[in-house]
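Pasting upload08.pdb here (PDB, C-alpha atoms):
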ATOM      1  CA  MET I  13     -19.334 -13.268 -15.904
ATOM      2  CA  PRO I  14     -15.737 -12.081 -16.452
ATOM      3  CA  ASN I  15     -16.170  -9.632 -13.548
ATOM      4  CA  LEU I  16     -16.877 -12.500 -11.152
ATOM      5  CA  GLU I  17     -13.728 -14.282 -12.279
ATOM      6  CA  LEU I  18     -11.698 -11.088 -11.838
ATOM      7  CA  ALA I  19     -13.192 -10.491  -8.390
ATOM      8  CA  GLY I  20     -12.307 -14.031  -7.332
ATOM      9  CA  LEU I  21      -8.776 -13.614  -8.641
ATOM     10  CA  LEU I  22      -8.298 -10.300  -6.825
ATOM     11  CA  TYR I  23      -9.659 -11.837  -3.612
ATOM     12  CA  LEU I  24      -7.174 -14.703  -3.916
ATOM     13  CA  VAL I  25      -4.259 -12.348  -4.650
ATOM     14  CA  GLY I  26      -5.122 -10.140  -1.668
ATOM     15  CA  PHE I  27      -5.431 -13.111   0.670
ATOM     16  CA  THR I  28      -2.115 -14.518  -0.593
ATOM     17  CA  LEU I  29      -0.325 -11.197  -0.072
ATOM     18  CA  ILE I  30      -1.633 -10.917   3.490
ATOM     19  CA  LEU I  31      -0.587 -14.508   4.232
ATOM     20  CA  VAL I  32       2.908 -13.971   2.784
ATOM     21  CA  GLY I  33       3.277 -10.772   4.838
ATOM     22  CA  MET I  34       2.326 -12.589   8.033
ATOM     23  CA  ILE I  35       4.826 -15.372   7.287
ATOM     24  CA  ILE I  36       7.598 -12.821   6.652
ATOM     25  CA  LEU I  37       6.807 -11.074   9.957
ATOM     26  CA  ALA I  38       6.836 -14.374  11.858
ATOM     27  CA  VAL I  39      10.160 -15.439  10.336
ATOM     28  CA  ASN I  40      11.641 -12.013  11.112
ATOM     29  CA  ILE I  41      10.561 -12.267  14.763
ATOM     30  CA  PHE I  42      12.098 -15.717  15.179
ATOM     31  CA  LEU I  43      15.388 -14.772  13.466
ATOM     32  CA  HIS I  44      15.955 -11.573  15.479
ATOM     33  CA  LYS I  45      14.772 -12.617  18.944
ATOM     34  CA  GLY I  46      17.466 -11.201  21.235
ATOM     35  CA  GLU I  47      18.394  -8.057  19.333
ATOM     36  CA  ALA I  48      17.319  -4.606  20.453
ATOM     37  CA  ARG I  49      16.190  -2.637  17.414
ATOM     38  CA  LYS I  50      14.928   0.852  16.815
ATOM     39  CA  GLY I  51      11.474   1.023  15.301
ATOM     40  CA  GLU I  52      10.136   3.735  13.048
ATOM     41  CA  VAL I  53       6.492   4.315  12.242
ATOM     42  CA  GLY I  54       4.758   6.286   9.536
ATOM     43  CA  GLY I  55       1.404   6.499   7.843
ATOM     44  CA  VAL I  56      -0.712   8.141   5.191
ATOM     45  CA  ILE I  57      -4.365   9.103   5.506
ATOM     46  CA  LEU I  58      -6.013  10.000   2.212
ATOM     47  CA  ILE I  59      -9.082  12.209   2.362
ATOM     48  CA  GLY I  60     -10.035  12.404  -1.274
ATOM     49  CA  PRO I  61      -6.859  13.307  -3.143
ATOM     50  CA  PHE I  62      -5.424  15.178  -0.135
ATOM     51  CA  PRO I  63      -2.871  13.268   1.957
ATOM     52  CA  ILE I  64      -2.207  13.617   5.668
ATOM     53  CA  ILE I  65       1.293  12.264   6.269
ATOM     54  CA  PHE I  66       2.841  11.443   9.630
ATOM     55  CA  GLY I  67       5.936   9.642  10.882
ATOM     56  CA  THR I  68       8.403   9.344  13.725
ATOM     57  CA  SER I  69      11.412  10.515  11.707
ATOM     58  CA  ARG I  70      12.240  12.542   8.610
ATOM     59  CA  ARG I  71      13.163   9.337   6.782
ATOM     60  CA  MET I  72       9.722   7.850   7.390
ATOM     61  CA  MET I  73       8.041  11.114   6.385
ATOM     62  CA  LYS I  74       9.876  11.034   3.038
ATOM     63  CA  ILE I  75       8.919   7.391   2.451
ATOM     64  CA  MET I  76       5.281   8.127   3.310
ATOM     65  CA  LEU I  77       5.312  11.144   0.969
ATOM     66  CA  ILE I  78       6.480   8.914  -1.894
ATOM     67  CA  ILE I  79       3.784   6.352  -1.054
ATOM     68  CA  ALA I  80       1.136   9.090  -0.864
ATOM     69  CA  LEU I  81       2.133  10.488  -4.262
ATOM     70  CA  ALA I  82       2.034   6.997  -5.780
ATOM     71  CA  LEU I  83      -1.425   6.357  -4.302
ATOM     72  CA  ILE I  84      -2.731   9.697  -5.585
ATOM     73  CA  ALA I  85      -1.343   8.941  -9.053
ATOM     74  CA  ILE I  86      -3.036   5.511  -9.047
ATOM     75  CA  ILE I  87      -6.349   6.949  -7.854
ATOM     76  CA  LEU I  88      -6.333   9.769 -10.407
ATOM     77  CA  SER I  89      -5.307   7.510 -13.287
ATOM     78  CA  THR I  90      -8.004   4.937 -12.525
ATOM     79  CA  THR I  91     -10.559   7.721 -12.201
ATOM     80  CA  PHE I  92      -9.758   9.640 -15.385
ATOM     81  CA  LEU I  93      -8.329   6.919 -17.666
ATOM     82  CA  PRO I  94     -11.747   5.687 -18.929
ATOM     83  CA  TYR I  95     -12.675   9.244 -19.945
ATOM     84  CA  LEU I  96      -9.361   9.756 -21.724
ATOM     85  CA  ILE I  97      -9.690   6.473 -23.607
ATOM     86  CA  ARG I  98     -13.236   7.332 -24.782
ATOM     87  CA  SER I  99     -12.211  10.748 -26.082
ATOM     88  CA  VAL I 100      -9.357   9.408 -28.239
TER      89      VAL I 100
END
Final structure tokens representation of the file:
Amino acid sequence: MPNLELAGLLYLVGFTLILVGMIILAVNIFLHKGEARKGEVGGVILIGPFPIIFGTSRRMMKIMLIIALALIAIILSTTFLPYLIRSV
């Protein structure tokens, strides 16, 4: 039963984070209505542990590289941590 409680908690946390993000975006749009701003876009596609990184500027590419490395570290640690704990 603890797994069901954890799943419910994670569902609630995810929903809350999405809702907070949408509120922040809405407030940002209303506060900066008349300003012309430059937008930058970037992304990371993970195929297994191999990242494909893209962006519209070098700055975004560096940020996406850091995010990709963090995601790979999280994925590898959650994959191999149970085996390391058992062997100790």
TODO: Point out the residue among I:Lys45, I:Leu24, I:Ile87, I:Ile36 with the least atom-to-atom distance to Pro61 in chain I, counting only C-alpha atoms.
DONE: I:Ile87
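Closest approach to Leu81 in chain I among I:Pro63, I:Arg49, I:Tyr95, I:Gly55 is made by I:Pro63 (distances from all atoms listed in the file).
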Task: Residue members of the PyMOL selection byres ((chain I and resi 53) around 6) in the file shown, as a list in words - done: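 So the PyMOL selection byres ((chain I and resi 53) around 6), applied here, picks out Glu52, Gly54, Gly67 and Thr68 of chain I.
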Open item on the list: I need the residue nearest Met72 in chain I from this list: I:Ala48, I:Ile86, I:Val25, I:Val56. Use all atoms listed in the file for the distance.
Closed with: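 Of I:Ala48, I:Ile86, I:Val25, I:Val56, the one nearest Met72 in chain I is I:Val56, counting all atoms listed in the file.
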As lines of an AutoDock Vina configuration file, please: the centre and edge lengths in Å, to one decimal, of an axis-aligned box enclosing every listed atom of range 34-47 of chain I with 8 Å added on each side.
center_x = 10.4
center_y = -11.9
center_z = 13.9
size_x = 32.1
size_y = 23.7
size_z = 30.6
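Taking all atoms listed in the file, the non-local environment of Ala80 in chain I within 10 Å (same-chain residues fewer than 2 positions away omitted) comprises I:Gly55, I:Val56, I:Ile57, I:Leu58, I:Pro61, I:Phe62, I:Pro63, I:Ile64, I:Ile65, I:Lys74, I:Ile75, I:Met76, I:Leu77, I:Ile78, I:Ala82, I:Leu83, I:Ile84, I:Ala85, I:Ile86.
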Task: Computed interatomic separation between CA of Ile30 in chain I and CA of Arg70 in chain I (Å) - done: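 If I compute the distance from CA of Ile30 in chain I to CA of Arg70 in chain I, I get 27.7 Å.
Counting from CA of Ile35 in chain I, the distance to CA of Glu47 in chain I is 19.6 Å.
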Kindly complete range 19-42 of chain I to N, CA and C atoms; the output should be written as a PDB file, in the frame of the given file.
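Printed below is result-v8.pdb as written:
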ATOM      1  N   ALA I  19     -13.007 -10.724  -9.822  1.00  0.00           N
ATOM      2  CA  ALA I  19     -13.192 -10.491  -8.390  1.00  0.00           C
ATOM      3  C   ALA I  19     -12.623 -11.645  -7.578  1.00  0.00           C
ATOM      4  N   GLY I  20     -12.857 -12.863  -8.023  1.00  0.00           N
ATOM      5  CA  GLY I  20     -12.307 -14.031  -7.332  1.00  0.00           C
ATOM      6  C   GLY I  20     -10.789 -14.036  -7.367  1.00  0.00           C
ATOM      7  N   LEU I  21     -10.228 -13.667  -8.513  1.00  0.00           N
ATOM      8  CA  LEU I  21      -8.776 -13.614  -8.641  1.00  0.00           C
ATOM      9  C   LEU I  21      -8.186 -12.546  -7.727  1.00  0.00           C
ATOM     10  N   LEU I  22      -8.791 -11.370  -7.691  1.00  0.00           N
ATOM     11  CA  LEU I  22      -8.298 -10.300  -6.825  1.00  0.00           C
ATOM     12  C   LEU I  22      -8.416 -10.674  -5.350  1.00  0.00           C
ATOM     13  N   TYR I  23      -9.490 -11.362  -4.982  1.00  0.00           N
ATOM     14  CA  TYR I  23      -9.659 -11.837  -3.612  1.00  0.00           C
ATOM     15  C   TYR I  23      -8.538 -12.801  -3.242  1.00  0.00           C
ATOM     16  N   LEU I  24      -8.234 -13.727  -4.156  1.00  0.00           N
ATOM     17  CA  LEU I  24      -7.174 -14.703  -3.916  1.00  0.00           C
ATOM     18  C   LEU I  24      -5.796 -14.031  -3.822  1.00  0.00           C
ATOM     19  N   VAL I  25      -5.539 -13.066  -4.686  1.00  0.00           N
ATOM     20  CA  VAL I  25      -4.259 -12.348  -4.650  1.00  0.00           C
ATOM     21  C   VAL I  25      -4.124 -11.570  -3.345  1.00  0.00           C
ATOM     22  N   GLY I  26      -5.170 -10.891  -2.923  1.00  0.00           N
ATOM     23  CA  GLY I  26      -5.122 -10.140  -1.668  1.00  0.00           C
ATOM     24  C   GLY I  26      -4.889 -11.048  -0.474  1.00  0.00           C
ATOM     25  N   PHE I  27      -5.601 -12.161  -0.420  1.00  0.00           N
ATOM     26  CA  PHE I  27      -5.431 -13.111   0.670  1.00  0.00           C
ATOM     27  C   PHE I  27      -4.008 -13.670   0.687  1.00  0.00           C
ATOM     28  N   THR I  28      -3.474 -13.980  -0.494  1.00  0.00           N
ATOM     29  CA  THR I  28      -2.115 -14.518  -0.593  1.00  0.00           C
ATOM     30  C   THR I  28      -1.091 -13.490  -0.124  1.00  0.00           C
ATOM     31  N   LEU I  29      -1.261 -12.235  -0.500  1.00  0.00           N
ATOM     32  CA  LEU I  29      -0.325 -11.197  -0.072  1.00  0.00           C
ATOM     33  C   LEU I  29      -0.349 -11.009   1.445  1.00  0.00           C
ATOM     34  N   ILE I  30      -1.530 -11.039   2.036  1.00  0.00           N
ATOM     35  CA  ILE I  30      -1.633 -10.917   3.490  1.00  0.00           C
ATOM     36  C   ILE I  30      -0.960 -12.104   4.168  1.00  0.00           C
ATOM     37  N   LEU I  31      -1.186 -13.303   3.660  1.00  0.00           N
ATOM     38  CA  LEU I  31      -0.587 -14.508   4.232  1.00  0.00           C
ATOM     39  C   LEU I  31       0.937 -14.475   4.119  1.00  0.00           C
ATOM     40  N   VAL I  32       1.457 -14.067   2.969  1.00  0.00           N
ATOM     41  CA  VAL I  32       2.908 -13.971   2.784  1.00  0.00           C
ATOM     42  C   VAL I  32       3.489 -12.927   3.727  1.00  0.00           C
ATOM     43  N   GLY I  33       2.810 -11.806   3.913  1.00  0.00           N
ATOM     44  CA  GLY I  33       3.277 -10.772   4.838  1.00  0.00           C
ATOM     45  C   GLY I  33       3.336 -11.278   6.271  1.00  0.00           C
ATOM     46  N   MET I  34       2.330 -12.033   6.676  1.00  0.00           N
ATOM     47  CA  MET I  34       2.326 -12.589   8.033  1.00  0.00           C
ATOM     48  C   MET I  34       3.457 -13.599   8.222  1.00  0.00           C
ATOM     49  N   ILE I  35       3.723 -14.399   7.205  1.00  0.00           N
ATOM     50  CA  ILE I  35       4.826 -15.372   7.287  1.00  0.00           C
ATOM     51  C   ILE I  35       6.157 -14.649   7.384  1.00  0.00           C
ATOM     52  N   ILE I  36       6.348 -13.592   6.596  1.00  0.00           N
ATOM     53  CA  ILE I  36       7.598 -12.821   6.652  1.00  0.00           C
ATOM     54  C   ILE I  36       7.784 -12.201   8.035  1.00  0.00           C
ATOM     55  N   LEU I  37       6.711 -11.644   8.609  1.00  0.00           N
ATOM     56  CA  LEU I  37       6.807 -11.074   9.957  1.00  0.00           C
ATOM     57  C   LEU I  37       7.164 -12.134  10.997  1.00  0.00           C
ATOM     58  N   ALA I  38       6.547 -13.302  10.901  1.00  0.00           N
ATOM     59  CA  ALA I  38       6.836 -14.374  11.858  1.00  0.00           C
ATOM     60  C   ALA I  38       8.283 -14.838  11.746  1.00  0.00           C
ATOM     61  N   VAL I  39       8.771 -15.020  10.538  1.00  0.00           N
ATOM     62  CA  VAL I  39      10.160 -15.439  10.336  1.00  0.00           C
ATOM     63  C   VAL I  39      11.109 -14.370  10.860  1.00  0.00           C
ATOM     64  N   ASN I  40      10.806 -13.112  10.628  1.00  0.00           N
ATOM     65  CA  ASN I  40      11.641 -12.013  11.112  1.00  0.00           C
ATOM     66  C   ASN I  40      11.698 -11.999  12.636  1.00  0.00           C
ATOM     67  N   ILE I  41      10.585 -12.249  13.299  1.00  0.00           N
ATOM     68  CA  ILE I  41      10.561 -12.267  14.763  1.00  0.00           C
ATOM     69  C   ILE I  41      11.426 -13.403  15.296  1.00  0.00           C
ATOM     70  N   PHE I  42      11.328 -14.573  14.699  1.00  0.00           N
ATOM     71  CA  PHE I  42      12.098 -15.717  15.179  1.00  0.00           C
ATOM     72  C   PHE I  42      13.594 -15.574  14.900  1.00  0.00           C
TER      73      PHE I  42
END
